[in-house]
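Content type mmCIF, C-alpha atoms, from the file my_file27.cif:
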```cif
data_my_file
loop_
_atom_site.label_atom_id
_atom_site.label_comp_id
_atom_site.auth_asym_id
_atom_site.auth_seq_id
_atom_site.Cartn_x
_atom_site.Cartn_y
_atom_site.Cartn_z
CA MET A 1 123.63 77.76 96.79
CA LYS A 2 125.80 80.17 98.71
CA ARG A 3 124.68 81.36 102.14
CA PHE A 4 126.23 83.86 104.51
CA THR A 5 125.19 86.21 107.29
CA ILE A 6 125.87 89.92 107.63
CA VAL A 7 125.29 92.23 110.56
CA PRO A 8 123.56 95.43 109.43
CA GLU A 9 123.87 98.78 111.13
CA ARG A 10 121.64 98.32 114.15
CA PRO A 11 118.86 98.78 114.94
CA TYR A 12 117.57 97.36 111.68
CA SER A 13 114.20 96.06 110.49
CA LEU A 14 113.82 94.27 107.19
CA ALA A 15 110.05 94.02 107.72
CA LEU A 16 109.61 97.78 108.09
CA THR A 17 112.01 98.66 105.28
CA ALA A 18 110.87 96.16 102.66
CA GLU A 19 107.17 96.74 103.35
CA ARG A 20 107.28 99.48 100.73
CA TYR A 21 107.73 96.86 98.00
CA THR A 22 104.37 95.31 98.85
CA ARG A 23 102.34 98.46 98.10
CA PHE A 24 102.62 98.43 94.32
CA PRO A 25 102.39 95.97 91.37
CA GLU A 26 105.99 94.89 91.97
CA VAL A 27 107.76 92.11 90.05
CA VAL A 28 111.43 92.97 90.62
CA ASP A 29 111.65 93.47 94.38
CA ARG A 30 109.69 90.61 95.92
CA PHE A 31 108.86 90.61 99.63
CA ASP A 32 106.42 88.22 101.28
CA GLY A 33 106.62 89.75 104.74
CA ARG A 34 109.53 87.54 105.76
CA VAL A 35 111.93 87.00 102.84
CA TYR A 36 113.07 89.59 100.31
CA ARG A 37 114.07 88.28 96.86
CA ARG A 38 115.48 89.86 93.72
CA LEU A 39 116.96 88.46 90.50
CA LEU A 40 120.49 89.68 89.89
CA PRO A 41 121.37 89.80 86.14
CA ILE A 42 124.64 87.88 86.51
CA GLY A 43 125.66 85.50 83.72
CA ARG A 44 123.22 83.92 81.28
CA ARG A 45 120.68 82.66 83.80
CA GLY A 46 121.06 85.16 86.60
CA VAL A 47 121.47 84.72 90.34
CA LEU A 48 118.58 84.83 92.80
CA LEU A 49 119.23 86.86 95.93
CA SER A 50 117.25 86.16 99.09
CA VAL A 51 117.46 88.05 102.38
CA GLU A 52 115.84 87.12 105.69
CA GLN A 53 116.25 88.73 109.10
CA GLU A 54 117.14 86.91 112.26
CA GLY A 55 116.75 88.54 115.67
CA THR A 56 115.11 91.74 116.83
CA ALA A 57 115.92 95.17 115.42
CA ALA A 58 118.48 95.71 118.20
CA ARG A 59 120.21 92.36 117.50
CA ALA A 60 119.45 92.02 113.79
CA ALA A 61 121.42 89.76 111.49
CA LEU A 62 120.61 89.22 107.83
CA ARG A 63 120.83 85.73 106.37
CA VAL A 64 121.69 86.11 102.68
CA GLY A 65 121.29 83.45 99.99
CA LEU A 66 122.60 83.40 96.42
CA GLU A 67 121.28 80.73 94.09
CA GLY A 68 122.41 80.00 90.53
CA ALA A 69 125.39 78.83 88.50
CA LEU A 70 127.39 81.96 89.35
CA ALA A 71 126.30 82.25 92.98
CA GLU A 72 129.93 81.96 94.12
CA SER A 73 131.21 84.62 91.71
CA GLU A 74 132.63 87.99 92.68
CA ALA A 75 130.08 89.66 90.40
CA ALA A 76 127.21 88.08 92.33
CA ALA A 77 128.74 89.15 95.65
CA GLU A 78 129.13 92.73 94.42
CA ALA A 79 125.57 92.85 93.06
CA ALA A 80 124.18 91.44 96.30
CA SER A 81 126.13 94.03 98.30
CA ARG A 82 124.61 96.85 96.24
CA VAL A 83 121.10 95.58 96.94
CA LEU A 84 121.80 95.17 100.65
CA GLN A 85 123.30 98.64 100.92
CA ARG A 86 121.16 100.70 98.54
CA SER A 87 117.85 98.86 98.29
CA LEU A 88 117.62 97.68 101.88
CA GLY A 89 119.80 100.28 103.62
CA ALA A 90 121.66 97.69 105.67
CA SER A 91 124.80 99.84 105.91
CA THR A 92 123.03 103.13 106.65
CA PRO A 93 123.58 104.22 110.25
CA VAL A 94 120.46 105.51 112.00
CA SER A 95 121.72 105.97 115.56
CA PRO A 96 123.05 109.51 114.88
CA PHE A 97 119.67 110.39 113.35
CA TYR A 98 117.85 108.98 116.37
CA ARG A 99 120.06 110.83 118.85
CA SER A 100 119.68 114.14 117.02
CA HIS A 101 115.92 114.04 116.59
CA ARG A 102 114.39 111.84 119.28
CA GLY A 103 112.99 114.97 120.92
CA ASP A 104 111.71 116.46 117.65
CA PRO A 105 107.94 117.15 117.81
CA ILE A 106 107.44 115.59 114.39
CA LEU A 107 110.01 112.79 114.37
CA GLY A 108 110.12 111.73 118.02
CA ALA A 109 107.05 109.47 117.82
CA PRO A 110 107.98 107.65 114.57
CA ILE A 111 111.57 107.18 115.75
CA ARG A 112 110.17 105.28 118.74
CA ALA A 113 107.52 103.42 116.70
CA PHE A 114 109.61 102.39 113.67
CA ARG A 115 112.96 101.33 115.09
CA GLY A 116 115.19 100.06 112.30
CA LEU A 117 113.31 101.53 109.34
CA ARG A 118 115.50 102.49 106.38
CA ILE A 119 115.01 104.14 103.00
CA ALA A 120 113.81 101.40 100.62
CA GLY A 121 115.56 102.08 97.34
CA VAL A 122 116.94 100.35 94.27
CA PRO A 123 120.50 99.20 93.54
CA SER A 124 121.29 101.64 90.70
CA LEU A 125 120.84 105.28 89.76
CA TRP A 126 119.62 104.13 86.33
CA GLU A 127 116.71 102.21 87.82
CA ALA A 128 115.88 105.01 90.26
CA LEU A 129 115.74 107.68 87.55
CA VAL A 130 113.51 105.62 85.26
CA THR A 131 111.16 104.82 88.14
CA ALA A 132 111.06 108.51 89.11
CA VAL A 133 110.18 109.55 85.56
CA LEU A 134 107.33 107.03 85.53
CA ALA A 135 106.03 108.50 88.80
CA GLN A 136 105.97 112.09 87.58
CA GLN A 137 102.51 113.60 88.18
CA VAL A 138 100.65 110.27 88.37
CA ASN A 139 99.42 107.92 91.07
CA LEU A 140 102.22 105.64 92.25
CA LYS A 141 100.18 102.49 91.70
CA PHE A 142 99.68 103.48 88.05
CA ALA A 143 103.39 104.29 87.71
CA TYR A 144 104.43 100.93 89.13
CA ASP A 145 101.96 99.14 86.89
CA ILE A 146 103.79 100.65 83.90
CA ARG A 147 107.14 99.78 85.49
CA ARG A 148 106.01 96.18 85.84
CA GLU A 149 105.06 96.02 82.14
CA ILE A 150 108.40 97.51 81.07
CA CYS A 151 110.28 95.00 83.22
CA GLN A 152 108.25 92.09 81.84
CA THR A 153 109.04 93.23 78.29
CA TYR A 154 112.75 94.10 78.53
CA GLY A 155 113.98 92.48 81.75
CA ARG A 156 115.76 89.16 82.03
CA ARG A 157 113.74 86.21 83.33
CA ALA A 158 114.81 83.14 85.29
CA ARG A 159 113.05 80.33 87.12
CA PHE A 160 114.03 79.14 90.57
CA SER A 161 111.97 76.56 92.48
CA LYS A 162 109.19 76.81 89.87
CA GLU A 163 108.92 80.59 90.36
CA THR A 164 109.69 83.10 87.61
CA TYR A 165 111.76 86.12 88.59
CA ILE A 166 112.33 89.25 86.50
CA ALA A 167 115.29 91.63 86.64
CA PHE A 168 115.08 95.35 85.99
CA PRO A 169 116.17 95.91 82.36
CA ALA A 170 119.57 97.26 81.41
CA PRO A 171 119.74 100.65 79.65
CA GLU A 172 120.69 99.25 76.23
CA PRO A 173 117.34 97.82 75.06
CA LEU A 174 115.52 101.01 76.02
CA ALA A 175 118.22 103.21 74.47
CA SER A 176 117.62 101.65 71.06
CA GLU A 177 113.82 101.55 71.28
CA SER A 178 111.59 103.76 69.15
CA LEU A 179 109.36 106.35 70.75
CA PRO A 180 106.14 104.76 69.39
CA ARG A 181 107.10 101.43 70.96
CA LEU A 182 107.88 103.08 74.28
CA ARG A 183 104.59 104.96 74.22
CA ARG A 184 102.64 101.71 74.02
CA PHE A 185 103.30 101.45 77.78
CA ARG A 186 100.83 104.33 78.28
CA LEU A 187 103.66 106.84 78.44
CA SER A 188 103.30 110.45 77.39
CA ARG A 189 105.66 111.52 74.64
CA SER A 190 107.71 113.57 77.12
CA LYS A 191 108.17 110.58 79.43
CA ALA A 192 109.12 108.30 76.54
CA VAL A 193 111.70 110.86 75.39
CA ALA A 194 113.06 111.22 78.92
CA ILE A 195 113.44 107.47 79.49
CA ARG A 196 115.19 106.97 76.15
CA GLU A 197 117.45 109.96 76.84
CA ILE A 198 118.43 108.57 80.25
CA ALA A 199 118.99 105.11 78.76
CA ARG A 200 121.24 106.50 76.02
CA ALA A 201 123.22 108.56 78.55
CA PHE A 202 123.94 105.45 80.65
CA ALA A 203 124.49 103.12 77.69
CA GLY A 204 126.88 105.56 76.01
CA GLY A 205 128.85 106.42 79.15
CA GLU A 206 127.79 110.07 79.22
CA LEU A 207 126.31 109.43 82.65
CA SER A 208 127.39 106.95 85.31
CA GLU A 209 127.43 106.55 89.05
CA GLU A 210 131.20 106.95 88.97
CA ILE A 211 130.81 110.40 87.39
CA LEU A 212 128.38 111.52 90.08
CA ALA A 213 130.10 109.88 93.07
CA PRO A 214 132.55 112.72 93.82
CA LEU A 215 129.95 115.45 93.31
CA SER A 216 128.02 117.18 96.06
CA ASP A 217 124.27 116.71 96.15
CA GLU A 218 123.65 120.06 94.46
CA ASP A 219 126.28 119.47 91.77
CA ALA A 220 124.90 115.98 91.10
CA ILE A 221 121.39 117.43 90.77
CA ALA A 222 122.68 120.04 88.32
CA ARG A 223 124.30 117.29 86.24
CA LEU A 224 121.11 115.24 86.14
CA VAL A 225 118.69 118.06 85.28
CA ALA A 226 120.71 118.66 82.11
CA LEU A 227 118.95 115.58 80.73
CA ARG A 228 115.64 116.15 78.97
CA GLY A 229 112.70 115.25 81.16
CA VAL A 230 114.70 115.27 84.38
CA GLY A 231 113.72 118.07 86.74
CA ARG A 232 114.89 118.69 90.26
CA TRP A 233 112.32 116.35 91.83
CA THR A 234 113.32 113.46 89.53
CA ALA A 235 117.01 114.08 90.21
CA GLU A 236 116.45 114.20 93.97
CA ILE A 237 114.46 110.96 93.98
CA GLY A 238 117.17 109.35 91.85
CA LEU A 239 119.92 110.31 94.29
CA GLN A 240 117.87 109.34 97.32
CA ARG A 241 116.54 106.00 96.10
CA GLY A 242 119.35 104.99 93.72
CA LEU A 243 122.53 106.22 95.39
CA GLY A 244 121.38 106.01 98.99
CA ARG A 245 122.13 109.67 99.76
CA THR A 246 120.51 110.39 103.10
CA ASP A 247 120.34 114.18 103.16
CA ILE A 248 118.17 114.66 100.06
CA PHE A 249 114.81 116.32 100.63
CA PRO A 250 112.50 116.43 97.55
CA ALA A 251 110.51 119.40 98.79
CA GLY A 252 108.42 119.59 95.62
CA ASP A 253 107.01 116.11 96.14
CA LEU A 254 103.23 116.01 96.51
CA GLY A 255 103.74 113.93 99.63
CA VAL A 256 105.72 116.82 101.14
CA VAL A 257 103.74 119.90 100.10
CA LYS A 258 100.37 118.24 100.75
CA TYR A 259 100.41 115.12 102.93
CA LEU A 260 103.33 115.99 105.18
CA ALA A 261 102.38 119.66 105.47
CA GLN A 262 98.74 118.92 106.23
CA GLY A 263 99.08 115.70 108.19
CA LEU A 264 102.05 116.52 110.42
CA LEU A 265 102.70 120.25 110.29
CA GLY A 266 99.13 121.49 110.66
CA HIS A 267 98.94 123.20 107.29
CA ALA A 268 95.43 124.06 106.10
CA SER A 269 93.71 121.06 104.51
CA THR A 270 92.38 123.17 101.65
CA SER A 271 95.74 124.08 100.14
CA LYS A 272 99.29 122.91 99.60
CA ALA A 273 102.37 124.32 101.25
CA LYS A 274 105.00 126.07 99.16
CA GLU A 275 108.01 124.06 98.09
CA GLU A 276 110.46 126.69 99.32
CA ASP A 277 108.77 126.76 102.73
CA MET A 278 109.04 122.99 103.11
CA ARG A 279 112.66 123.00 101.98
CA ARG A 280 113.42 125.69 104.56
CA TYR A 281 111.57 123.80 107.31
CA ALA A 282 113.48 120.59 106.56
CA GLU A 283 116.84 122.26 107.15
CA ARG A 284 116.43 121.46 110.86
CA TRP A 285 116.77 117.77 109.98
CA ALA A 286 120.08 118.04 108.11
CA PRO A 287 122.17 115.98 107.55
CA HIS A 288 119.43 113.33 107.81
CA ARG A 289 116.67 114.84 105.68
CA SER A 290 115.98 111.71 103.62
CA LEU A 291 115.56 109.62 106.77
CA ALA A 292 113.38 112.35 108.29
CA LEU A 293 111.10 112.18 105.26
CA VAL A 294 110.78 108.39 105.37
CA TYR A 295 109.96 108.45 109.08
CA GLY A 296 107.48 111.26 108.51
CA TYR A 297 105.69 109.21 105.87
CA ALA A 298 105.66 106.19 108.19
CA GLU A 299 103.99 108.31 110.87
CA LEU A 300 101.42 109.59 108.36
CA ASN A 301 100.49 106.03 107.40
CA ARG A 302 100.24 105.05 111.08
CA ARG A 303 97.85 107.91 111.79
CA ARG A 304 95.77 107.10 108.73
CA ALA A 305 95.45 103.50 109.83
CA VAL A 306 94.37 104.58 113.32
CA ASN A 307 91.82 107.08 112.01
CA ARG A 308 90.45 104.91 109.20
CA PRO A 309 86.77 104.00 109.77
CA ARG A 310 86.45 100.43 111.03
CA SER A 311 83.92 99.66 108.31
CA SER A 312 86.46 100.45 105.58
CA PRO A 313 88.01 97.30 104.05
CA PHE A 314 90.77 99.30 102.36
CA PRO A 315 94.22 100.07 103.76
CA PRO A 316 95.33 103.70 103.86
CA GLU A 317 96.69 105.10 100.60
CA PRO A 318 100.41 105.73 101.09
CA PRO A 319 101.57 109.25 100.34
CA PRO A 320 103.90 109.67 97.35
CA SER A 321 107.47 108.90 98.33
#
```

Hey, can you dump this file as structure tokens for me?
Amino acid sequence: MKRFTIVPERPYSLALTAERYTRFPEVVDRFDGRVYRRLLPIGRRGVLLSVEQEGTAARAALRVGLEGALAESEAAAEAASRVLQRSLGASTPVSPFYRSHRGDPILGAPIRAFRGLRIAGVPSLWEALVTAVLAQQVNLKFAYDIRREICQTYGRRARFSKETYIAFPAPEPLASESLPRLRRFRLSRSKAVAIREIARAFAGGELSEEILAPLSDEDAIARLVALRGVGRWTAEIGLQRGLGRTDIFPAGDLGVVKYLAQGLLGHASTSKAKEEDMRRYAERWAPHRSLALVYGYAELNRRRAVNRPRSSPFPPEPPPS
């Protein structure tokens, strides 16, 4: 087993960042409140990544473990780095965001309350786009239940210390799948078509992270929405969660036009805000709009927890994000 320690951009909190993975029926990103684990599809058996924080947010260090036959390989190191950077946001600086918005009437309180929080994402644009398609116009718990079933069917499995871990599937098996077989996962025909279209684009080289890397956010969105079933919201979530772009603001998200508008901006509780109004409002948070959204959602959940009746045994429902 290979072990090493990295120093993330401080302040950093693994507990706050990885908490998102505990909200849904998750089998790929595993977090028990202390240690984050994910199976990296390296070699025949795979490599198990584990990440644990040492020290406070201000003095955070991340102890990283790689277990498996290829734990010492360059491929494993590169895959682990992608997870640390994109999934866990360890290399994303937040100090400029804090300095710019600590006096903001919306963001000031969550910046103080959630020191070290990052955008919890996934290590590839492919995974982010598929997950976004699954979440279109449905409850996130239902979407992640379908995601879990797809991963269990097509993802690689490996056992470490008597535990079974599952990797997110590669594009190829989904690219060659029939629509009827994809629809057995409770997918609408349009979602099945979209997922297969995205899979074929990645498998065939028509789309890749390298193609999008030099493009601006707007140009990358335009490239993605050319795919069937990928609208602006799906493209924005893909760039935010899969490429770690921190100035993306999915203004059409239900969490924005309803929960954020009503819960933090004082919008009437009987209606939704307009997407264009929320996009215009968020311009004050550039170039940190993705971080602003994540901190806004954290504040919404904090307020819900405070205002929840004591007799209720249920935690607050997280807004879509």

field: Nearby residues (only C-alpha atoms) at most 9 Å from Ile166 in chain A, same-chain spacing under 3 positions excluded, as a ChimeraX atom specification
entry: /A:27-29,38-40,151-152,155-159,169

message: When the PyMOL selection byres ((chain A and resi 121-136) around 6) is applied to the structure above, which residues does it catch, written out as a list in words?
response: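 Matching residues under the PyMOL selection byres ((chain A and resi 121-136) around 6) are Arg82, Val83, Arg86, Ser87, Ala120, Gln137, Val138, Leu140, Ala143, Thr234, Gly238, Arg241, Gly242 and Leu243 of chain A.
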
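This file gives the following result for the PyMOL selection byres ((chain A and resi 68-75) around 7): Met1, Lys2, Ile42, Gly43, Gly46, Val47, Leu48, Leu66, Glu67, Ala76, Ala77, Glu78 and Ala79 of chain A.
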
- request: On this file, the PyMOL selection byres ((chain A and resi 295) around 10) gives some set of residues; write that set as a ChimeraX atom specification.
  value: /A:106-111,113-115,117-119,289-294,296-301

Got time to write the residues from that selection, C-alpha atoms, as a CSV table (one decimal), in the frame of the given file?
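Saved to result20.csv:
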```csv
chain,number,residue,atom,x,y,z
A,106,ILE,CA,107.4,115.6,114.4
A,107,LEU,CA,110.0,112.8,114.4
A,108,GLY,CA,110.1,111.7,118.0
A,109,ALA,CA,107.0,109.5,117.8
A,110,PRO,CA,108.0,107.6,114.6
A,111,ILE,CA,111.6,107.2,115.8
A,113,ALA,CA,107.5,103.4,116.7
A,114,PHE,CA,109.6,102.4,113.7
A,115,ARG,CA,113.0,101.3,115.1
A,117,LEU,CA,113.3,101.5,109.3
A,118,ARG,CA,115.5,102.5,106.4
A,119,ILE,CA,115.0,104.1,103.0
A,289,ARG,CA,116.7,114.8,105.7
A,290,SER,CA,116.0,111.7,103.6
A,291,LEU,CA,115.6,109.6,106.8
A,292,ALA,CA,113.4,112.4,108.3
A,293,LEU,CA,111.1,112.2,105.3
A,294,VAL,CA,110.8,108.4,105.4
A,296,GLY,CA,107.5,111.3,108.5
A,297,TYR,CA,105.7,109.2,105.9
A,298,ALA,CA,105.7,106.2,108.2
A,299,GLU,CA,104.0,108.3,110.9
A,300,LEU,CA,101.4,109.6,108.4
A,301,ASN,CA,100.5,106.0,107.4
```

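Taking CA of Leu84 in chain A and CA of Ile6 in chain A as endpoints, the distance between them is 9.6 Å.
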